[in-house]
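Peer 1: Dumping the structure here so I can ask a few things about it.
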Protein chains: 2
Amino acid sequence: MLDISWEVPAVTTLKRADARKNIESIMDAATACLARDPDVSVADIAKAAGVGRVTLYGHFESRATLVTQVVERAIRQSDEALGAVDLGGDPRAALSRILEASWRLTQQYGALIVAAEQSMPHEQFQAVHLGLIDRWKPLMERGRRDGSFRDDQPLGWQLTLLQSVLHAASGAVYRGEIEAADAAGLIDGTVQAALTPPGATRG
Amino acid sequence: MLDISWEVPAVTTLKRADARKNIESIMDAATACLARDPDVSVADIAKAAGVGRVTLYGHFESRATLVTQVVERAIRQSDEALGAVDLGGDPRAALSRILEASWRLTQQYGALIVAAEQSMPHEQFQAVHLGLIDRWKPLMERGRRDGSFRDDQPLGWQLTLLQSVLHAASGAVYRGEIEAADAAGLIDGTVQAALTPPGATRG
DNA sequence: CGGTTGTCGTACATCGGTGTTCGAATTAGT
DNA sequence: ACTAATTCGAACACCGATGTACGACAACCG
């Protein structure tokens, strides 16, 4: 009979309180830093978290795993936020609602998606990215069917365009070209116009 | 009386034939490489040009100067191409024309602008960039005045949006989401819609 | 044909970023 | 108050990219 002589390492990954607090700080700082510059160094992230670089490596195996975990948390929260949006009723009104929610997420996470693209395995990134886009699809398809949105362009192009407008607004705010308070209105006005079917009149 | 004993170095920077050819190759290769990946290494550029890395450094002081020269040439050619576009007549038709010219440039130069942003002094980049944008301004202002384009959004936002749509199309083609042949039509259809004044009907 | 001009490969110094090791000091938890 | 966990800085090895130095070789041009 085999004698299992080693202790099964406690399944509960309960670290000490300060360790957990530091992990939290690191994740938050990494999110903020990567949202601004997807190539930010580990040293800068550690500094922003108010923690030593070595401590950071004590909690995260490598830069890649840190980025991956940060991205996964952001994706989770984004998916949750988008899932909470009411997509029923008038498609144009629903579009406004999901645009506003997406704008908040874009402001929060900014260039994080670029970091994700570079640090995560291509497949995995594609998967989570497509998962987020799927939050838009039902609304877009319904609006195209009932004539609220134009359907003379590929759906994929329209989805790409949506992201592009959000990203453009983020950059414009960052560069000070527009006020953050005005951004939501500009985004909505622009996207609604771009999706209006040819021949229709837009209020 | 001073005796100028040294030869005035020939003002004509006439290098040898093969040297000039190599410089050309390097500039072309650098343009193509940087258009795809703004962070491409000097070694890769040299390889793409069919030339040794050392040879490259013989002609360009540093990576930065190479990028700067490539960017300056691209800017010159872009400015020329945009300047040749007829901006008269119906603003919407003129918009279609300048959009098509800009799309060709975007395809050609792609991410070169990102490399420029990283490698050039901020002021200089801003200057050339604004110079290019100014090619659009007169048309946009005229169209806003005569009611062809909506003027309920800041002009700066609309210009940002234009670039954003071009960039999005470039990415979509690169990722295979849309056919290059269809891109021009999608861009025009999208931008025209986005610029249509509220309450107006678009053909 | 011969000297000048370029080219090329290799090797080297340097720089910045990543990831590791160590030991000393500190702090949480009991 | 005692132990174990955690932090921290400094130092190190490593990697990839930039930029330089040298010397052999090839090609242009007169």
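Residues are named by chain letter and number: chains run A, B, ... in the order of the structure tokens, numbers start at 1 in each chain, and ligands are numbered from 1 in the order shown.
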Write out chain B, as a PDB file with C-alpha atoms, in the first residue's frame, after superposing it onto chain A by least squares using every C-alpha atom paired in order.

Peer 2:
```
ATOM      1  CA  MET B   1      -0.844   0.110   0.558  1.00  0.00           C
ATOM      2  CA  LEU B   2       0.539   3.456  -0.314  1.00  0.00           C
ATOM      3  CA  ASP B   3       1.309   5.728   2.527  1.00  0.00           C
ATOM      4  CA  ILE B   4       0.588   9.291   1.593  1.00  0.00           C
ATOM      5  CA  SER B   5       3.238  10.871   3.663  1.00  0.00           C
ATOM      6  CA  TRP B   6       3.029  14.402   2.516  1.00  0.00           C
ATOM      7  CA  GLU B   7       0.477  16.890   3.576  1.00  0.00           C
ATOM      8  CA  VAL B   8      -2.038  17.829   0.967  1.00  0.00           C
ATOM      9  CA  PRO B   9      -1.314  21.508   0.434  1.00  0.00           C
ATOM     10  CA  ALA B  10      -4.257  23.447   1.781  1.00  0.00           C
ATOM     11  CA  VAL B  11      -6.720  23.765  -1.065  1.00  0.00           C
ATOM     12  CA  THR B  12      -7.714  27.095   0.354  1.00  0.00           C
ATOM     13  CA  THR B  13      -5.212  29.490  -1.179  1.00  0.00           C
ATOM     14  CA  LEU B  14      -5.641  31.727   1.819  1.00  0.00           C
ATOM     15  CA  LYS B  15      -2.618  33.939   1.942  1.00  0.00           C
ATOM     16  CA  ARG B  16      -1.850  36.380   4.643  1.00  0.00           C
ATOM     17  CA  ALA B  17      -3.929  39.552   4.861  1.00  0.00           C
ATOM     18  CA  ASP B  18      -1.236  41.956   3.646  1.00  0.00           C
ATOM     19  CA  ALA B  19      -0.368  39.612   0.800  1.00  0.00           C
ATOM     20  CA  ARG B  20      -3.948  39.598  -0.411  1.00  0.00           C
ATOM     21  CA  LYS B  21      -4.091  43.373  -0.136  1.00  0.00           C
ATOM     22  CA  ASN B  22      -0.912  43.684  -2.185  1.00  0.00           C
ATOM     23  CA  ILE B  23      -2.221  41.369  -4.862  1.00  0.00           C
ATOM     24  CA  GLU B  24      -5.283  43.566  -5.073  1.00  0.00           C
ATOM     25  CA  SER B  25      -3.157  46.708  -5.317  1.00  0.00           C
ATOM     26  CA  ILE B  26      -1.041  45.177  -8.048  1.00  0.00           C
ATOM     27  CA  MET B  27      -4.037  44.119 -10.104  1.00  0.00           C
ATOM     28  CA  ASP B  28      -5.598  47.562  -9.773  1.00  0.00           C
ATOM     29  CA  ALA B  29      -2.399  49.387 -10.596  1.00  0.00           C
ATOM     30  CA  ALA B  30      -1.717  47.096 -13.519  1.00  0.00           C
ATOM     31  CA  THR B  31      -5.200  47.719 -14.853  1.00  0.00           C
ATOM     32  CA  ALA B  32      -4.774  51.474 -14.647  1.00  0.00           C
ATOM     33  CA  CYS B  33      -1.255  51.453 -16.092  1.00  0.00           C
ATOM     34  CA  LEU B  34      -2.038  49.073 -18.941  1.00  0.00           C
ATOM     35  CA  ALA B  35      -5.149  51.059 -19.794  1.00  0.00           C
ATOM     36  CA  ARG B  36      -2.869  54.019 -20.501  1.00  0.00           C
ATOM     37  CA  ASP B  37       0.153  52.262 -21.970  1.00  0.00           C
ATOM     38  CA  PRO B  38      -0.030  48.624 -23.037  1.00  0.00           C
ATOM     39  CA  ASP B  39       3.776  48.417 -23.004  1.00  0.00           C
ATOM     40  CA  VAL B  40       4.264  49.682 -19.454  1.00  0.00           C
ATOM     41  CA  SER B  41       7.095  47.931 -17.598  1.00  0.00           C
ATOM     42  CA  VAL B  42       6.658  45.626 -14.621  1.00  0.00           C
ATOM     43  CA  ALA B  43       8.784  48.027 -12.583  1.00  0.00           C
ATOM     44  CA  ASP B  44       6.365  50.868 -13.260  1.00  0.00           C
ATOM     45  CA  ILE B  45       3.381  48.739 -12.340  1.00  0.00           C
ATOM     46  CA  ALA B  46       5.019  47.724  -9.070  1.00  0.00           C
ATOM     47  CA  LYS B  47       5.840  51.339  -8.304  1.00  0.00           C
ATOM     48  CA  ALA B  48       2.269  52.403  -9.039  1.00  0.00           C
ATOM     49  CA  ALA B  49       1.043  49.662  -6.738  1.00  0.00           C
ATOM     50  CA  GLY B  50       3.356  50.890  -3.964  1.00  0.00           C
ATOM     51  CA  VAL B  51       5.134  47.575  -3.868  1.00  0.00           C
ATOM     52  CA  GLY B  52       8.571  46.188  -4.663  1.00  0.00           C
ATOM     53  CA  ARG B  53       9.174  44.596  -8.014  1.00  0.00           C
ATOM     54  CA  VAL B  54      10.278  41.384  -6.315  1.00  0.00           C
ATOM     55  CA  THR B  55       7.052  41.231  -4.359  1.00  0.00           C
ATOM     56  CA  LEU B  56       5.145  41.430  -7.597  1.00  0.00           C
ATOM     57  CA  TYR B  57       7.063  38.488  -8.999  1.00  0.00           C
ATOM     58  CA  GLY B  58       6.282  36.645  -5.810  1.00  0.00           C
ATOM     59  CA  HIS B  59       2.605  36.765  -6.684  1.00  0.00           C
ATOM     60  CA  PHE B  60       2.708  36.588 -10.469  1.00  0.00           C
ATOM     61  CA  GLU B  61       4.912  34.188 -12.344  1.00  0.00           C
ATOM     62  CA  SER B  62       5.654  36.567 -15.173  1.00  0.00           C
ATOM     63  CA  ARG B  63       4.521  39.720 -16.857  1.00  0.00           C
ATOM     64  CA  ALA B  64       2.392  37.673 -19.206  1.00  0.00           C
ATOM     65  CA  THR B  65       0.460  35.934 -16.439  1.00  0.00           C
ATOM     66  CA  LEU B  66      -0.122  39.241 -14.695  1.00  0.00           C
ATOM     67  CA  VAL B  67      -1.486  40.788 -17.870  1.00  0.00           C
ATOM     68  CA  THR B  68      -3.594  37.716 -18.541  1.00  0.00           C
ATOM     69  CA  GLN B  69      -5.144  37.790 -15.084  1.00  0.00           C
ATOM     70  CA  VAL B  70      -5.824  41.508 -15.287  1.00  0.00           C
ATOM     71  CA  VAL B  71      -7.405  41.082 -18.684  1.00  0.00           C
ATOM     72  CA  GLU B  72      -9.502  38.166 -17.548  1.00  0.00           C
ATOM     73  CA  ARG B  73     -10.855  40.152 -14.646  1.00  0.00           C
ATOM     74  CA  ALA B  74     -11.628  43.093 -16.911  1.00  0.00           C
ATOM     75  CA  ILE B  75     -13.363  40.824 -19.390  1.00  0.00           C
ATOM     76  CA  ARG B  76     -15.415  39.246 -16.624  1.00  0.00           C
ATOM     77  CA  GLN B  77     -16.521  42.609 -15.338  1.00  0.00           C
ATOM     78  CA  SER B  78     -17.203  43.947 -18.816  1.00  0.00           C
ATOM     79  CA  ASP B  79     -19.248  40.928 -19.766  1.00  0.00           C
ATOM     80  CA  GLU B  80     -21.220  41.346 -16.576  1.00  0.00           C
ATOM     81  CA  ALA B  81     -21.837  45.044 -17.187  1.00  0.00           C
ATOM     82  CA  LEU B  82     -22.951  44.476 -20.768  1.00  0.00           C
ATOM     83  CA  GLY B  83     -25.119  41.552 -19.719  1.00  0.00           C
ATOM     84  CA  ALA B  84     -26.971  43.830 -17.303  1.00  0.00           C
ATOM     85  CA  VAL B  85     -28.001  46.230 -20.074  1.00  0.00           C
ATOM     86  CA  ASP B  86     -31.635  46.020 -21.142  1.00  0.00           C
ATOM     87  CA  LEU B  87     -31.557  45.209 -24.844  1.00  0.00           C
ATOM     88  CA  GLY B  88     -35.339  45.073 -25.268  1.00  0.00           C
ATOM     89  CA  GLY B  89     -37.728  47.660 -26.648  1.00  0.00           C
ATOM     90  CA  ASP B  90     -36.878  50.087 -29.416  1.00  0.00           C
ATOM     91  CA  PRO B  91     -33.562  48.992 -30.923  1.00  0.00           C
ATOM     92  CA  ARG B  92     -32.309  52.574 -31.222  1.00  0.00           C
ATOM     93  CA  ALA B  93     -32.970  53.233 -27.539  1.00  0.00           C
ATOM     94  CA  ALA B  94     -31.365  49.929 -26.629  1.00  0.00           C
ATOM     95  CA  LEU B  95     -28.376  50.902 -28.755  1.00  0.00           C
ATOM     96  CA  SER B  96     -28.044  54.105 -26.773  1.00  0.00           C
ATOM     97  CA  ARG B  97     -28.052  52.147 -23.532  1.00  0.00           C
ATOM     98  CA  ILE B  98     -25.431  49.605 -24.547  1.00  0.00           C
ATOM     99  CA  LEU B  99     -23.320  52.366 -26.066  1.00  0.00           C
ATOM    100  CA  GLU B 100     -23.269  54.233 -22.788  1.00  0.00           C
ATOM    101  CA  ALA B 101     -22.291  51.123 -20.854  1.00  0.00           C
ATOM    102  CA  SER B 102     -19.589  50.339 -23.390  1.00  0.00           C
ATOM    103  CA  TRP B 103     -18.273  53.881 -23.210  1.00  0.00           C
ATOM    104  CA  ARG B 104     -17.834  53.572 -19.457  1.00  0.00           C
ATOM    105  CA  LEU B 105     -15.891  50.342 -19.974  1.00  0.00           C
ATOM    106  CA  THR B 106     -13.769  51.880 -22.708  1.00  0.00           C
ATOM    107  CA  GLN B 107     -12.824  54.763 -20.460  1.00  0.00           C
ATOM    108  CA  GLN B 108     -11.997  52.375 -17.644  1.00  0.00           C
ATOM    109  CA  TYR B 109      -9.949  49.880 -19.605  1.00  0.00           C
ATOM    110  CA  GLY B 110      -8.695  51.874 -22.562  1.00  0.00           C
ATOM    111  CA  ALA B 111      -5.676  50.302 -24.170  1.00  0.00           C
ATOM    112  CA  LEU B 112      -5.884  47.181 -22.026  1.00  0.00           C
ATOM    113  CA  ILE B 113      -7.148  45.322 -25.055  1.00  0.00           C
ATOM    114  CA  VAL B 114      -3.917  46.118 -26.889  1.00  0.00           C
ATOM    115  CA  ALA B 115      -1.872  44.665 -24.053  1.00  0.00           C
ATOM    116  CA  ALA B 116      -4.088  41.597 -24.141  1.00  0.00           C
ATOM    117  CA  GLU B 117      -3.509  41.155 -27.839  1.00  0.00           C
ATOM    118  CA  GLN B 118       0.245  41.173 -27.307  1.00  0.00           C
ATOM    119  CA  SER B 119       0.525  39.091 -24.138  1.00  0.00           C
ATOM    120  CA  MET B 120      -2.156  36.436 -24.521  1.00  0.00           C
ATOM    121  CA  PRO B 121      -2.124  33.401 -26.802  1.00  0.00           C
ATOM    122  CA  HIS B 122      -3.902  34.428 -29.975  1.00  0.00           C
ATOM    123  CA  GLU B 123      -6.652  31.820 -29.629  1.00  0.00           C
ATOM    124  CA  GLN B 124      -7.521  32.743 -26.083  1.00  0.00           C
ATOM    125  CA  PHE B 125      -7.671  36.435 -26.918  1.00  0.00           C
ATOM    126  CA  GLN B 126      -9.851  35.798 -29.925  1.00  0.00           C
ATOM    127  CA  ALA B 127     -12.211  33.753 -27.775  1.00  0.00           C
ATOM    128  CA  VAL B 128     -12.798  36.318 -25.043  1.00  0.00           C
ATOM    129  CA  HIS B 129     -12.968  39.101 -27.580  1.00  0.00           C
ATOM    130  CA  LEU B 130     -15.620  37.327 -29.608  1.00  0.00           C
ATOM    131  CA  GLY B 131     -17.463  36.623 -26.387  1.00  0.00           C
ATOM    132  CA  LEU B 132     -17.749  40.321 -25.693  1.00  0.00           C
ATOM    133  CA  ILE B 133     -18.819  41.132 -29.235  1.00  0.00           C
ATOM    134  CA  ASP B 134     -21.578  38.572 -28.965  1.00  0.00           C
ATOM    135  CA  ARG B 135     -23.222  40.847 -26.425  1.00  0.00           C
ATOM    136  CA  TRP B 136     -23.931  43.221 -29.277  1.00  0.00           C
ATOM    137  CA  LYS B 137     -24.982  40.807 -31.965  1.00  0.00           C
ATOM    138  CA  PRO B 138     -28.584  39.999 -30.947  1.00  0.00           C
ATOM    139  CA  LEU B 139     -29.490  43.662 -30.738  1.00  0.00           C
ATOM    140  CA  MET B 140     -27.837  44.487 -34.035  1.00  0.00           C
ATOM    141  CA  GLU B 141     -29.487  41.583 -35.803  1.00  0.00           C
ATOM    142  CA  ARG B 142     -32.900  42.475 -34.444  1.00  0.00           C
ATOM    143  CA  GLY B 143     -32.471  46.116 -35.432  1.00  0.00           C
ATOM    144  CA  ARG B 144     -31.395  45.125 -38.949  1.00  0.00           C
ATOM    145  CA  ARG B 145     -34.398  42.813 -39.307  1.00  0.00           C
ATOM    146  CA  ASP B 146     -36.979  45.377 -38.220  1.00  0.00           C
ATOM    147  CA  GLY B 147     -35.494  48.206 -40.263  1.00  0.00           C
ATOM    148  CA  SER B 148     -34.144  50.237 -37.364  1.00  0.00           C
ATOM    149  CA  PHE B 149     -30.583  49.785 -38.591  1.00  0.00           C
ATOM    150  CA  ARG B 150     -29.268  49.632 -42.121  1.00  0.00           C
ATOM    151  CA  ASP B 151     -28.489  46.153 -43.371  1.00  0.00           C
ATOM    152  CA  ASP B 152     -26.717  47.101 -46.581  1.00  0.00           C
ATOM    153  CA  GLN B 153     -23.352  46.672 -44.869  1.00  0.00           C
ATOM    154  CA  PRO B 154     -21.844  43.527 -43.338  1.00  0.00           C
ATOM    155  CA  LEU B 155     -22.659  43.125 -39.671  1.00  0.00           C
ATOM    156  CA  GLY B 156     -18.995  42.523 -38.950  1.00  0.00           C
ATOM    157  CA  TRP B 157     -18.065  45.894 -40.391  1.00  0.00           C
ATOM    158  CA  GLN B 158     -20.673  47.642 -38.272  1.00  0.00           C
ATOM    159  CA  LEU B 159     -19.362  45.953 -35.131  1.00  0.00           C
ATOM    160  CA  THR B 160     -15.817  46.944 -36.012  1.00  0.00           C
ATOM    161  CA  LEU B 161     -17.041  50.475 -36.545  1.00  0.00           C
ATOM    162  CA  LEU B 162     -18.678  50.592 -33.117  1.00  0.00           C
ATOM    163  CA  GLN B 163     -15.448  49.664 -31.394  1.00  0.00           C
ATOM    164  CA  SER B 164     -13.575  52.099 -33.546  1.00  0.00           C
ATOM    165  CA  VAL B 165     -15.806  55.012 -32.552  1.00  0.00           C
ATOM    166  CA  LEU B 166     -15.477  54.158 -28.871  1.00  0.00           C
ATOM    167  CA  HIS B 167     -11.714  53.945 -29.220  1.00  0.00           C
ATOM    168  CA  ALA B 168     -11.595  57.223 -31.117  1.00  0.00           C
ATOM    169  CA  ALA B 169     -13.586  58.954 -28.391  1.00  0.00           C
ATOM    170  CA  SER B 170     -11.243  57.574 -25.758  1.00  0.00           C
ATOM    171  CA  GLY B 171      -8.261  58.952 -27.598  1.00  0.00           C
ATOM    172  CA  ALA B 172      -9.923  62.310 -28.188  1.00  0.00           C
ATOM    173  CA  VAL B 173     -10.701  62.690 -24.492  1.00  0.00           C
ATOM    174  CA  TYR B 174      -7.172  61.661 -23.582  1.00  0.00           C
ATOM    175  CA  ARG B 175      -5.728  64.263 -25.946  1.00  0.00           C
ATOM    176  CA  GLY B 176      -8.125  66.880 -24.608  1.00  0.00           C
ATOM    177  CA  GLU B 177      -9.896  67.375 -27.934  1.00  0.00           C
ATOM    178  CA  ILE B 178     -13.301  66.842 -26.383  1.00  0.00           C
ATOM    179  CA  GLU B 179     -14.699  66.919 -22.854  1.00  0.00           C
ATOM    180  CA  ALA B 180     -15.328  63.573 -21.200  1.00  0.00           C
ATOM    181  CA  ALA B 181     -18.821  64.765 -20.315  1.00  0.00           C
ATOM    182  CA  ASP B 182     -19.662  65.373 -23.970  1.00  0.00           C
ATOM    183  CA  ALA B 183     -18.236  62.115 -25.234  1.00  0.00           C
ATOM    184  CA  ALA B 184     -21.258  59.901 -24.566  1.00  0.00           C
ATOM    185  CA  GLY B 185     -23.533  62.226 -26.540  1.00  0.00           C
ATOM    186  CA  LEU B 186     -21.132  62.461 -29.453  1.00  0.00           C
ATOM    187  CA  ILE B 187     -20.717  58.712 -29.603  1.00  0.00           C
ATOM    188  CA  ASP B 188     -24.443  58.101 -29.561  1.00  0.00           C
ATOM    189  CA  GLY B 189     -25.141  60.777 -32.147  1.00  0.00           C
ATOM    190  CA  THR B 190     -22.435  59.459 -34.420  1.00  0.00           C
ATOM    191  CA  VAL B 191     -23.256  55.779 -34.199  1.00  0.00           C
ATOM    192  CA  GLN B 192     -26.993  56.300 -34.537  1.00  0.00           C
ATOM    193  CA  ALA B 193     -26.363  58.298 -37.691  1.00  0.00           C
ATOM    194  CA  ALA B 194     -23.971  55.724 -39.098  1.00  0.00           C
ATOM    195  CA  LEU B 195     -26.516  52.936 -38.571  1.00  0.00           C
ATOM    196  CA  THR B 196     -29.517  54.783 -39.976  1.00  0.00           C
ATOM    197  CA  PRO B 197     -30.835  52.999 -43.096  1.00  0.00           C
ATOM    198  CA  PRO B 198     -30.434  54.868 -46.394  1.00  0.00           C
ATOM    199  CA  GLY B 199     -33.614  56.710 -47.276  1.00  0.00           C
ATOM    200  CA  ALA B 200     -34.784  56.905 -43.689  1.00  0.00           C
ATOM    201  CA  THR B 201     -35.032  60.151 -41.763  1.00  0.00           C
ATOM    202  CA  ARG B 202     -33.296  60.459 -38.439  1.00  0.00           C
ATOM    203  CA  GLY B 203     -34.869  62.513 -35.652  1.00  0.00           C
TER     204      GLY B 203
END
```

Peer 1: I'd like the neighbourhood of segment 1-3 of chain D as a list in words, where a residue qualifies if any of its atoms comes within 12 Å (using only C-alpha atoms (C1' of nucleotides)), though same-chain residues fewer than 6 positions away should be ignored.

Peer 2: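 With the cut-off at 12 Å, the set is DT27, DA28, DG29 and DT30 of chain C.
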
Peer 1: Take the residues just selected and output them with C-alpha atoms (C1' of nucleotides) as a JSON list (two decimals), in the first residue's frame.

Peer 2:
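Contents of the output file selection12.json:
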```json
[["chain", "number", "residue", "atom", "x", "y", "z"],
["C", 27, "DT", "C1'", 4.40, 42.28, 10.09],
["C", 28, "DA", "C1'", 0.23, 39.23, 10.59],
["C", 29, "DG", "C1'", -1.92, 35.87, 13.31],
["C", 30, "DT", "C1'", -2.44, 33.14, 17.23]]
```

Peer 1: Record the distance separating atom C1' of DG6 of chain C and atom C1' of DC25 of chain D, expressed in Å with one decimal.

Peer 2: 10.5 Å

Peer 1: Please provide the set of residues having any atom within 12 Å of DG3 of chain C, restricted to only C-alpha atoms (C1' of nucleotides), with same-chain residues fewer than 3 positions apart removed, written as a list in words.

Peer 2: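 In the requested form, the answer reads DC28, DC29 and DG30 of chain D.
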
Peer 1: Can you pull out every residue from chain A that DSSP, working from the backbone, puts in helix (DSSP H, G or I), and format the result as an NGL selection string?

Peer 2: :A and (17-36 or 42-48 or 53-59 or 63-83 or 91-109 or 112-119 or 122-133 or 137-145 or 155-174 or 180-195)

Peer 1: Please measure the separation of atom C1' of DA13 of chain D and atom C1' of DA11 of chain C, giving the value in Å to one decimal.

Peer 2: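 Calculated distance between atom C1' of DA13 of chain D and atom C1' of DA11 of chain C is 20.8 Å.
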
Peer 1: Quick check: residues of chain C within 12 Å of chain B, only C-alpha atoms (C1' of nucleotides), returned as a list in words.

Peer 2: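 Here is what falls inside 12 Å: DT4, DT5, DG6, DT7, DC8, DG9 and DT10 of chain C.
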
Peer 1: If we count only C-alpha atoms (C1' of nucleotides), which residues of chain D reach to within 10 Å of chain B? Please list them as a ChimeraX atom specification.

Peer 2: /D:16-20,27-29

Peer 1: Could you write those residues out with C-alpha atoms (C1' of nucleotides), as a short mmCIF file (atom, residue, chain, number, x, y, z; two decimals), in the first residue's frame?

Peer 2:
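Contents of the output file selection24.cif:
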```cif
data_model
loop_
_atom_site.label_atom_id
_atom_site.label_comp_id
_atom_site.auth_asym_id
_atom_site.auth_seq_id
_atom_site.Cartn_x
_atom_site.Cartn_y
_atom_site.Cartn_z
"C1'" DG D 16 16.81 41.15 -27.42
"C1'" DA D 17 17.63 45.38 -29.65
"C1'" DT D 18 20.62 49.30 -30.73
"C1'" DG D 19 24.81 51.07 -32.20
"C1'" DT D 20 30.08 50.58 -33.09
"C1'" DA D 27 31.82 46.48 -56.97
"C1'" DC D 28 31.73 50.94 -59.10
"C1'" DC D 29 33.95 54.49 -61.91
#
```
